[in-house]
Amino acid sequence: MEEIAPGVYVELEYRGANVGFIVTDEGPIAVDTPVLPEQAMHWRRQMEHISGKPVLYVINTDHHRGHIMGNQFFLPAPIIAHERAWRDMRGYGDNFKQRVIDSFKREPQLQAQFSLSRMRIIRPQITFTRKLTLRKGGREIQIIHIGGHTMATSIVWLPVERVVFVGDTIWIDEHPYMAQSNSRDWLAGLELIRNLDAAYIVPGHGALCGLKELDYMVSFLRHLQARVWEYYQQGVGKHETGAALVEDLRTWFHVPQSRRSKIHSQIKSGVGRVYEEYKRQERARQAREKKG
């Protein structure tokens with residue numbers, strides 16, 4: 001755990017995703033929750049020990065498992081997230097829970113922490129659509145929807161401390177997950193983050209970063225767009241485009257040998273999302289021309 005600004009803490013070593021919390025005079029406010037039950041309970045103890053008060057709120061930067069699975073261990077603190085996160089989490093039933101458990105099948109000592117019967121999905125009780133500002137205990141905390149990585153993706157900005165938690169908008173040490181993405185919104189979100197002039201950027205995965213890592217993410221997304229557009233213009237199908245671009249895109253981020261197959265599939269999903277963006281743009285253009 002590291003205190004990156006007065007009363008602002010981050011933990012970069014838990015499984016799933018980075019987490020943080022902000023100490024306020026009324027209680028600590030969590031940013032995302034650990035996926036492993038033991039780590040989630042440990043994190044709550046840390047928060048309440050340092051602050052001397054119960055957890056006040058939990059903010060989820062999106063609805064993916066790495067950010068929300070620990071929510072149940074922070075009750076009764078209300079969960080805050082984008083409205084789309086609430087909508088998507090309504091479908092998280094036993095199949096979703098089992099997939100979480102199965103993701104640890106190669107690590108039985110960790111898998112043993114989970115129990116399907118005791119696993120609870122805690123959806124947001126407080127939602128917003130564009131921006132929500134909390135003024136609690138002497139702090140101002142802005143939760144800003146940017147989309148991009150998912151339709152629910154939001155950032156948490158502390159304007160006085162100049163700290164921003166960007167969730168999965170910036171990836172440092174692994175390939176971005178893009179199966180629910182929109183590349184144009186993602187790039188717009190990165191530009192918004194740039195304009196904040198943050199002193200500390202906390203990504204969803206990997207080490208604390210700055211504008212260098214942000215620029216790398218921008219370059220990757222623009223390169224992805226350009227390559228997909230190249231194949232789209234040639235009339236190459238979506239699946240063929242994905243297969244053709246795997247090797248090119250793979251080199252942008254580290255790919256462990258053990259996850260090579262999964263990452264290749266992940267890259268193809270991202271290519272498919274961008275390809276569909278171009279298809280929608282083309283249909284819209286044709287509709288305008290027909291109407292005109």
# chains A, B, ... in the order shown; residues from 1 in each chain; ligands from 1

call {"tool": "closest_atom_pairs", "arguments": {"of": "range 59-114 of chain A", "to": "range 17-24 of chain A", "cutoff": "12 Å", "atoms": "only C-alpha atoms", "output": "Markdown table"}}
result
| residue | atom | partner | partner_atom | distance |
| --- | --- | --- | --- | --- |
| A:Ile59 | CA | A:Phe21 | CA | 9.4 |
| A:Asn60 | CA | A:Val19 | CA | 9.8 |
| A:Thr61 | CA | A:Val19 | CA | 10.1 |
| A:Asp62 | CA | A:Ala17 | CA | 11.2 |
| A:His64 | CA | A:Ala17 | CA | 9.9 |
| A:Arg65 | CA | A:Ala17 | CA | 9.1 |
| A:Gly66 | CA | A:Ala17 | CA | 5.3 |
| A:His67 | CA | A:Ala17 | CA | 6.3 |
| A:Ile68 | CA | A:Ala17 | CA | 9.8 |
| A:Met69 | CA | A:Ala17 | CA | 10.7 |
| A:Gly70 | CA | A:Val19 | CA | 10.7 |
| A:Asn71 | CA | A:Val19 | CA | 11.9 |

call {"tool": "atom_distance", "arguments": {"atom1": "CA of Gln180 in chain A", "atom2": "CA of Ile80 in chain A"}}
result
20.6 Å

call {"tool": "closest_residue", "arguments": {"among": "A:Ser183, A:Glu3, A:Ala243, A:His149", "to": "Tyr231 in chain A", "atoms": "only C-alpha atoms"}}
result
A:Ala243

call {"tool": "residues_around", "arguments": {"residues": "Glu161 in chain A", "least_positions_apart": "4", "cutoff": "9 Å", "atoms": "only C-alpha atoms", "output": "ChimeraX atom specification"}}
result
/A:5-6,8,157,198-200

call {"tool": "closest_residue", "arguments": {"among": "A:Met1, A:Leu75, A:Ile201, A:Ile267", "to": "Tyr177 in chain A", "atoms": "only C-alpha atoms"}}
result
A:Ile267

call {"tool": "select_by_dssp", "arguments": {"residues": "range 67-192 of chain A", "states": "strand (DSSP E)", "output": "CSV table (one decimal) with N, CA and C atoms, in the first residue's frame"}}
result
chain,number,residue,atom,x,y,z
A,79,ILE,N,-22.8,1.4,-2.9
A,79,ILE,CA,-22.0,1.3,-4.1
A,79,ILE,C,-22.4,2.3,-5.1
A,80,ILE,N,-21.4,3.0,-5.6
A,80,ILE,CA,-21.7,4.1,-6.6
A,80,ILE,C,-21.1,3.6,-8.0
A,81,ALA,N,-21.8,3.7,-9.1
A,81,ALA,CA,-21.3,3.4,-10.4
A,81,ALA,C,-22.2,4.0,-11.4
A,82,HIS,N,-21.7,4.0,-12.7
A,82,HIS,CA,-22.5,4.5,-13.8
A,82,HIS,C,-23.8,3.6,-13.9
A,126,ILE,N,-26.3,3.7,-5.9
A,126,ILE,CA,-26.3,5.1,-6.4
A,126,ILE,C,-25.7,5.1,-7.8
A,127,THR,N,-26.5,5.6,-8.7
A,127,THR,CA,-26.0,5.6,-10.1
A,127,THR,C,-26.1,7.1,-10.7
A,128,PHE,N,-25.3,7.3,-11.8
A,128,PHE,CA,-25.3,8.5,-12.5
A,128,PHE,C,-25.2,8.3,-13.9
A,131,LYS,N,-21.9,12.7,-14.7
A,131,LYS,CA,-20.9,13.1,-13.7
A,131,LYS,C,-21.6,13.2,-12.3
A,132,LEU,N,-20.9,12.8,-11.3
A,132,LEU,CA,-21.4,12.8,-9.9
A,132,LEU,C,-20.3,13.4,-9.0
A,133,THR,N,-20.6,14.4,-8.3
A,133,THR,CA,-19.6,15.0,-7.4
A,133,THR,C,-20.0,14.8,-5.9
A,134,LEU,N,-19.0,14.2,-5.2
A,134,LEU,CA,-19.2,13.9,-3.8
A,134,LEU,C,-18.4,15.0,-3.0
A,135,ARG,N,-19.1,15.7,-2.1
A,135,ARG,CA,-18.4,16.6,-1.2
A,135,ARG,C,-18.7,16.1,0.2
A,136,LYS,N,-17.7,15.4,0.7
A,136,LYS,CA,-17.8,14.7,2.0
A,136,LYS,C,-16.6,14.8,2.8
A,139,ARG,N,-13.6,16.7,1.5
A,139,ARG,CA,-13.0,16.3,0.2
A,139,ARG,C,-14.0,16.6,-0.9
A,140,GLU,N,-13.5,16.9,-2.1
A,140,GLU,CA,-14.3,16.9,-3.3
A,140,GLU,C,-13.8,15.8,-4.2
A,141,ILE,N,-14.7,14.9,-4.6
A,141,ILE,CA,-14.4,13.7,-5.4
A,141,ILE,C,-15.4,13.7,-6.6
A,142,GLN,N,-14.8,13.8,-7.8
A,142,GLN,CA,-15.7,13.9,-9.0
A,142,GLN,C,-15.6,12.5,-9.7
A,143,ILE,N,-16.8,11.9,-10.0
A,143,ILE,CA,-16.8,10.7,-10.7
A,143,ILE,C,-17.4,11.0,-12.1
A,144,ILE,N,-16.6,10.8,-13.1
A,144,ILE,CA,-16.9,11.3,-14.5
A,144,ILE,C,-17.0,10.1,-15.4
A,145,HIS,N,-18.1,10.0,-16.1
A,145,HIS,CA,-18.3,8.9,-17.1
A,145,HIS,C,-17.5,9.3,-18.4
A,154,SER,N,-15.8,4.8,-15.9
A,154,SER,CA,-15.8,6.1,-15.3
A,154,SER,C,-14.4,6.3,-14.6
A,155,ILE,N,-14.1,7.6,-14.4
A,155,ILE,CA,-12.8,7.9,-13.7
A,155,ILE,C,-13.2,8.6,-12.4
A,156,VAL,N,-12.3,8.6,-11.5
A,156,VAL,CA,-12.5,9.3,-10.2
A,156,VAL,C,-11.4,10.3,-10.1
A,157,TRP,N,-11.8,11.6,-10.0
A,157,TRP,CA,-10.9,12.7,-10.0
A,157,TRP,C,-11.0,13.5,-8.7
A,158,LEU,N,-9.8,13.7,-8.1
A,158,LEU,CA,-9.7,14.5,-6.9
A,158,LEU,C,-9.0,15.8,-7.4
A,163,VAL,N,-5.2,13.8,-8.2
A,163,VAL,CA,-5.1,12.4,-8.3
A,163,VAL,C,-6.3,11.9,-9.2
A,164,VAL,N,-6.0,11.1,-10.2
A,164,VAL,CA,-7.1,10.5,-10.9
A,164,VAL,C,-7.0,9.0,-11.0
A,165,PHE,N,-8.0,8.3,-10.7
A,165,PHE,CA,-8.1,6.9,-10.8
A,165,PHE,C,-8.8,6.6,-12.2
A,166,VAL,N,-8.1,6.0,-13.1
A,166,VAL,CA,-8.7,5.9,-14.5
A,166,VAL,C,-9.2,4.5,-14.8
A,167,GLY,N,-9.2,3.6,-13.8
A,167,GLY,CA,-9.7,2.3,-14.1
A,167,GLY,C,-9.0,1.6,-15.3
A,168,ASP,N,-9.8,1.0,-16.2
A,168,ASP,CA,-9.2,0.2,-17.3
A,168,ASP,C,-9.1,1.1,-18.5
A,169,THR,N,-9.0,2.4,-18.4
A,169,THR,CA,-8.8,3.3,-19.5
A,169,THR,C,-7.3,3.3,-20.0
A,170,ILE,N,-6.4,3.1,-19.0
A,170,ILE,CA,-5.0,2.9,-19.4
A,170,ILE,C,-4.5,1.6,-18.9
A,171,TRP,N,-3.8,0.9,-19.8
A,171,TRP,CA,-3.2,-0.4,-19.4
A,171,TRP,C,-1.7,-0.3,-19.5

call {"tool": "residues_around", "arguments": {"residues": "Phe96 in chain A", "least_positions_apart": "5", "cutoff": "12 Å", "atoms": "only C-alpha atoms", "output": "PDB file with N, CA and C atoms, in the first residue's frame"}}
result
ATOM      1  N   HIS A  64     -16.811  -4.853 -14.504  1.00  0.00           N
ATOM      2  CA  HIS A  64     -16.097  -6.109 -14.697  1.00  0.00           C
ATOM      3  C   HIS A  64     -15.679  -6.711 -13.364  1.00  0.00           C
ATOM      4  N   ARG A  65     -15.468  -8.023 -13.374  1.00  0.00           N
ATOM      5  CA  ARG A  65     -15.245  -8.784 -12.132  1.00  0.00           C
ATOM      6  C   ARG A  65     -14.094  -8.241 -11.292  1.00  0.00           C
ATOM      7  N   MET A  69     -16.157  -7.586  -7.574  1.00  0.00           N
ATOM      8  CA  MET A  69     -16.421  -8.829  -6.846  1.00  0.00           C
ATOM      9  C   MET A  69     -16.303  -8.673  -5.336  1.00  0.00           C
ATOM     10  N   ASP A  88     -25.945  -3.730 -16.530  1.00  0.00           N
ATOM     11  CA  ASP A  88     -25.226  -4.933 -16.940  1.00  0.00           C
ATOM     12  C   ASP A  88     -25.090  -5.933 -15.795  1.00  0.00           C
ATOM     13  N   MET A  89     -24.937  -5.446 -14.586  1.00  0.00           N
ATOM     14  CA  MET A  89     -24.758  -6.335 -13.439  1.00  0.00           C
ATOM     15  C   MET A  89     -26.046  -7.057 -13.056  1.00  0.00           C
ATOM     16  N   ARG A  90     -27.185  -6.612 -13.583  1.00  0.00           N
ATOM     17  CA  ARG A  90     -28.434  -7.337 -13.329  1.00  0.00           C
ATOM     18  C   ARG A  90     -28.381  -8.766 -13.862  1.00  0.00           C
ATOM     19  N   GLY A  91     -27.556  -8.981 -14.884  1.00  0.00           N
ATOM     20  CA  GLY A  91     -27.464 -10.303 -15.492  1.00  0.00           C
ATOM     21  C   GLY A  91     -26.420 -11.204 -14.861  1.00  0.00           C
ATOM     22  N   ILE A 101     -15.123 -18.267 -10.297  1.00  0.00           N
ATOM     23  CA  ILE A 101     -14.482 -19.371  -9.568  1.00  0.00           C
ATOM     24  C   ILE A 101     -13.568 -20.175 -10.489  1.00  0.00           C
ATOM     25  N   ASP A 102     -14.057 -20.480 -11.689  1.00  0.00           N
ATOM     26  CA  ASP A 102     -13.288 -21.286 -12.636  1.00  0.00           C
ATOM     27  C   ASP A 102     -12.025 -20.579 -13.106  1.00  0.00           C
ATOM     28  N   SER A 103     -12.013 -19.246 -13.052  1.00  0.00           N
ATOM     29  CA  SER A 103     -10.825 -18.509 -13.500  1.00  0.00           C
ATOM     30  C   SER A 103      -9.618 -18.770 -12.606  1.00  0.00           C
ATOM     31  N   LEU A 116     -19.862 -20.668  -4.158  1.00  0.00           N
ATOM     32  CA  LEU A 116     -20.975 -20.201  -4.977  1.00  0.00           C
ATOM     33  C   LEU A 116     -22.155 -19.772  -4.107  1.00  0.00           C
ATOM     34  N   MET A 119     -21.286 -16.343  -2.451  1.00  0.00           N
ATOM     35  CA  MET A 119     -20.881 -15.251  -3.327  1.00  0.00           C
ATOM     36  C   MET A 119     -22.094 -14.377  -3.667  1.00  0.00           C
ATOM     37  N   ARG A 120     -21.983 -13.084  -3.416  1.00  0.00           N
ATOM     38  CA  ARG A 120     -23.066 -12.148  -3.682  1.00  0.00           C
ATOM     39  C   ARG A 120     -22.598 -11.069  -4.644  1.00  0.00           C
ATOM     40  N   ILE A 121     -23.435 -10.758  -5.611  1.00  0.00           N
ATOM     41  CA  ILE A 121     -23.161  -9.657  -6.525  1.00  0.00           C
ATOM     42  C   ILE A 121     -23.921  -8.443  -5.995  1.00  0.00           C
TER      43      ILE A 121
END

call {"tool": "atom_distance", "arguments": {"atom1": "CA of Leu249 in chain A", "atom2": "CA of His175 in chain A"}}
result
9.2 Å

call {"tool": "closest_residue", "arguments": {"among": "A:Gln46, A:Gln125, A:Gln39, A:Ser219", "to": "Ala77 in chain A", "atoms": "only C-alpha atoms"}}
result
A:Gln125

call {"tool": "closest_residue", "arguments": {"among": "A:Pro37, A:Gly16, A:Pro108, A:Pro124", "to": "Tyr57 in chain A", "atoms": "only C-alpha atoms"}}
result
A:Pro124

call {"tool": "closest_residue", "arguments": {"among": "A:Val255, A:Met178, A:Val35, A:Leu196", "to": "Leu221 in chain A", "atoms": "only C-alpha atoms"}}
result
A:Met178

call {"tool": "atom_distance", "arguments": {"atom1": "CA of Glu247 in chain A", "atom2": "CA of Gln266 in chain A"}}
result
12.4 Å

call {"tool": "select_by_dssp", "arguments": {"residues": "range 47-288 of chain A", "states": "helix (DSSP H, G or I)", "output": "PyMOL selection string"}}
result
chain A and resi 47-51+65-74+83-89+94-102+108-111+183-196+211-233+238-250+257-288

call {"tool": "closest_residue", "arguments": {"among": "A:Asp215, A:Glu83, A:Glu107, A:Glu174", "to": "Arg194 in chain A", "atoms": "only C-alpha atoms"}}
result
A:Asp215

call {"tool": "residues_around", "arguments": {"residues": "Gly242 in chain A", "least_positions_apart": "5", "cutoff": "7 Å", "atoms": "only C-alpha atoms", "output": "number ranges by chain"}}
result
A: 268, 271-272

call {"tool": "decode", "arguments": {"residues": "range 135-159 of chain A", "atoms": "N, CA and C atoms", "output": "short mmCIF file (atom, residue, chain, number, x, y, z; two decimals), in the first residue's frame"}}
result
data_model
loop_
_atom_site.label_atom_id
_atom_site.label_comp_id
_atom_site.auth_asym_id
_atom_site.auth_seq_id
_atom_site.Cartn_x
_atom_site.Cartn_y
_atom_site.Cartn_z
N ARG A 135 -19.10 15.68 -2.10
CA ARG A 135 -18.43 16.62 -1.20
C ARG A 135 -18.67 16.11 0.21
N LYS A 136 -17.69 15.35 0.68
CA LYS A 136 -17.83 14.66 1.95
C LYS A 136 -16.57 14.81 2.78
N GLY A 137 -16.77 15.14 4.05
CA GLY A 137 -15.66 15.13 4.99
C GLY A 137 -14.46 15.94 4.56
N GLY A 138 -14.70 17.10 3.94
CA GLY A 138 -13.61 17.97 3.53
C GLY A 138 -12.98 17.62 2.21
N ARG A 139 -13.56 16.67 1.48
CA ARG A 139 -13.01 16.28 0.18
C ARG A 139 -14.01 16.58 -0.94
N GLU A 140 -13.47 16.86 -2.11
CA GLU A 140 -14.28 16.90 -3.33
C GLU A 140 -13.82 15.76 -4.23
N ILE A 141 -14.75 14.88 -4.59
CA ILE A 141 -14.44 13.72 -5.41
C ILE A 141 -15.39 13.71 -6.60
N GLN A 142 -14.85 13.83 -7.79
CA GLN A 142 -15.65 13.86 -9.01
C GLN A 142 -15.59 12.49 -9.69
N ILE A 143 -16.75 11.94 -9.98
CA ILE A 143 -16.84 10.67 -10.71
C ILE A 143 -17.37 11.00 -12.10
N ILE A 144 -16.57 10.79 -13.11
CA ILE A 144 -16.86 11.26 -14.46
C ILE A 144 -16.98 10.08 -15.42
N HIS A 145 -18.11 9.99 -16.10
CA HIS A 145 -18.29 8.93 -17.09
C HIS A 145 -17.53 9.28 -18.36
N ILE A 146 -16.75 8.32 -18.87
CA ILE A 146 -16.04 8.53 -20.14
C ILE A 146 -16.31 7.42 -21.15
N GLY A 147 -16.79 6.26 -20.71
CA GLY A 147 -17.00 5.17 -21.65
C GLY A 147 -15.66 4.69 -22.21
N GLY A 148 -15.70 4.14 -23.42
CA GLY A 148 -14.47 3.68 -24.07
C GLY A 148 -14.20 2.22 -23.81
N HIS A 149 -13.60 1.92 -22.68
CA HIS A 149 -13.30 0.53 -22.34
C HIS A 149 -14.59 -0.29 -22.24
N THR A 150 -15.59 0.25 -21.56
CA THR A 150 -16.94 -0.28 -21.55
C THR A 150 -17.88 0.92 -21.61
N MET A 151 -19.16 0.66 -21.79
CA MET A 151 -20.13 1.76 -21.78
C MET A 151 -20.30 2.35 -20.39
N ALA A 152 -19.82 1.64 -19.36
CA ALA A 152 -19.97 2.11 -17.98
C ALA A 152 -18.70 2.75 -17.42
N THR A 153 -17.60 2.72 -18.14
CA THR A 153 -16.31 3.12 -17.57
C THR A 153 -16.31 4.58 -17.12
N SER A 154 -15.84 4.78 -15.90
CA SER A 154 -15.78 6.10 -15.30
C SER A 154 -14.42 6.30 -14.63
N ILE A 155 -14.07 7.55 -14.43
CA ILE A 155 -12.84 7.88 -13.72
C ILE A 155 -13.20 8.60 -12.43
N VAL A 156 -12.27 8.59 -11.48
CA VAL A 156 -12.47 9.25 -10.19
C VAL A 156 -11.38 10.32 -10.05
N TRP A 157 -11.80 11.57 -10.00
CA TRP A 157 -10.87 12.70 -10.04
C TRP A 157 -10.95 13.49 -8.74
N LEU A 158 -9.78 13.70 -8.13
CA LEU A 158 -9.66 14.53 -6.95
C LEU A 158 -8.96 15.83 -7.37
N PRO A 159 -9.71 16.90 -7.63
CA PRO A 159 -9.11 18.11 -8.21
C PRO A 159 -8.13 18.82 -7.28
#
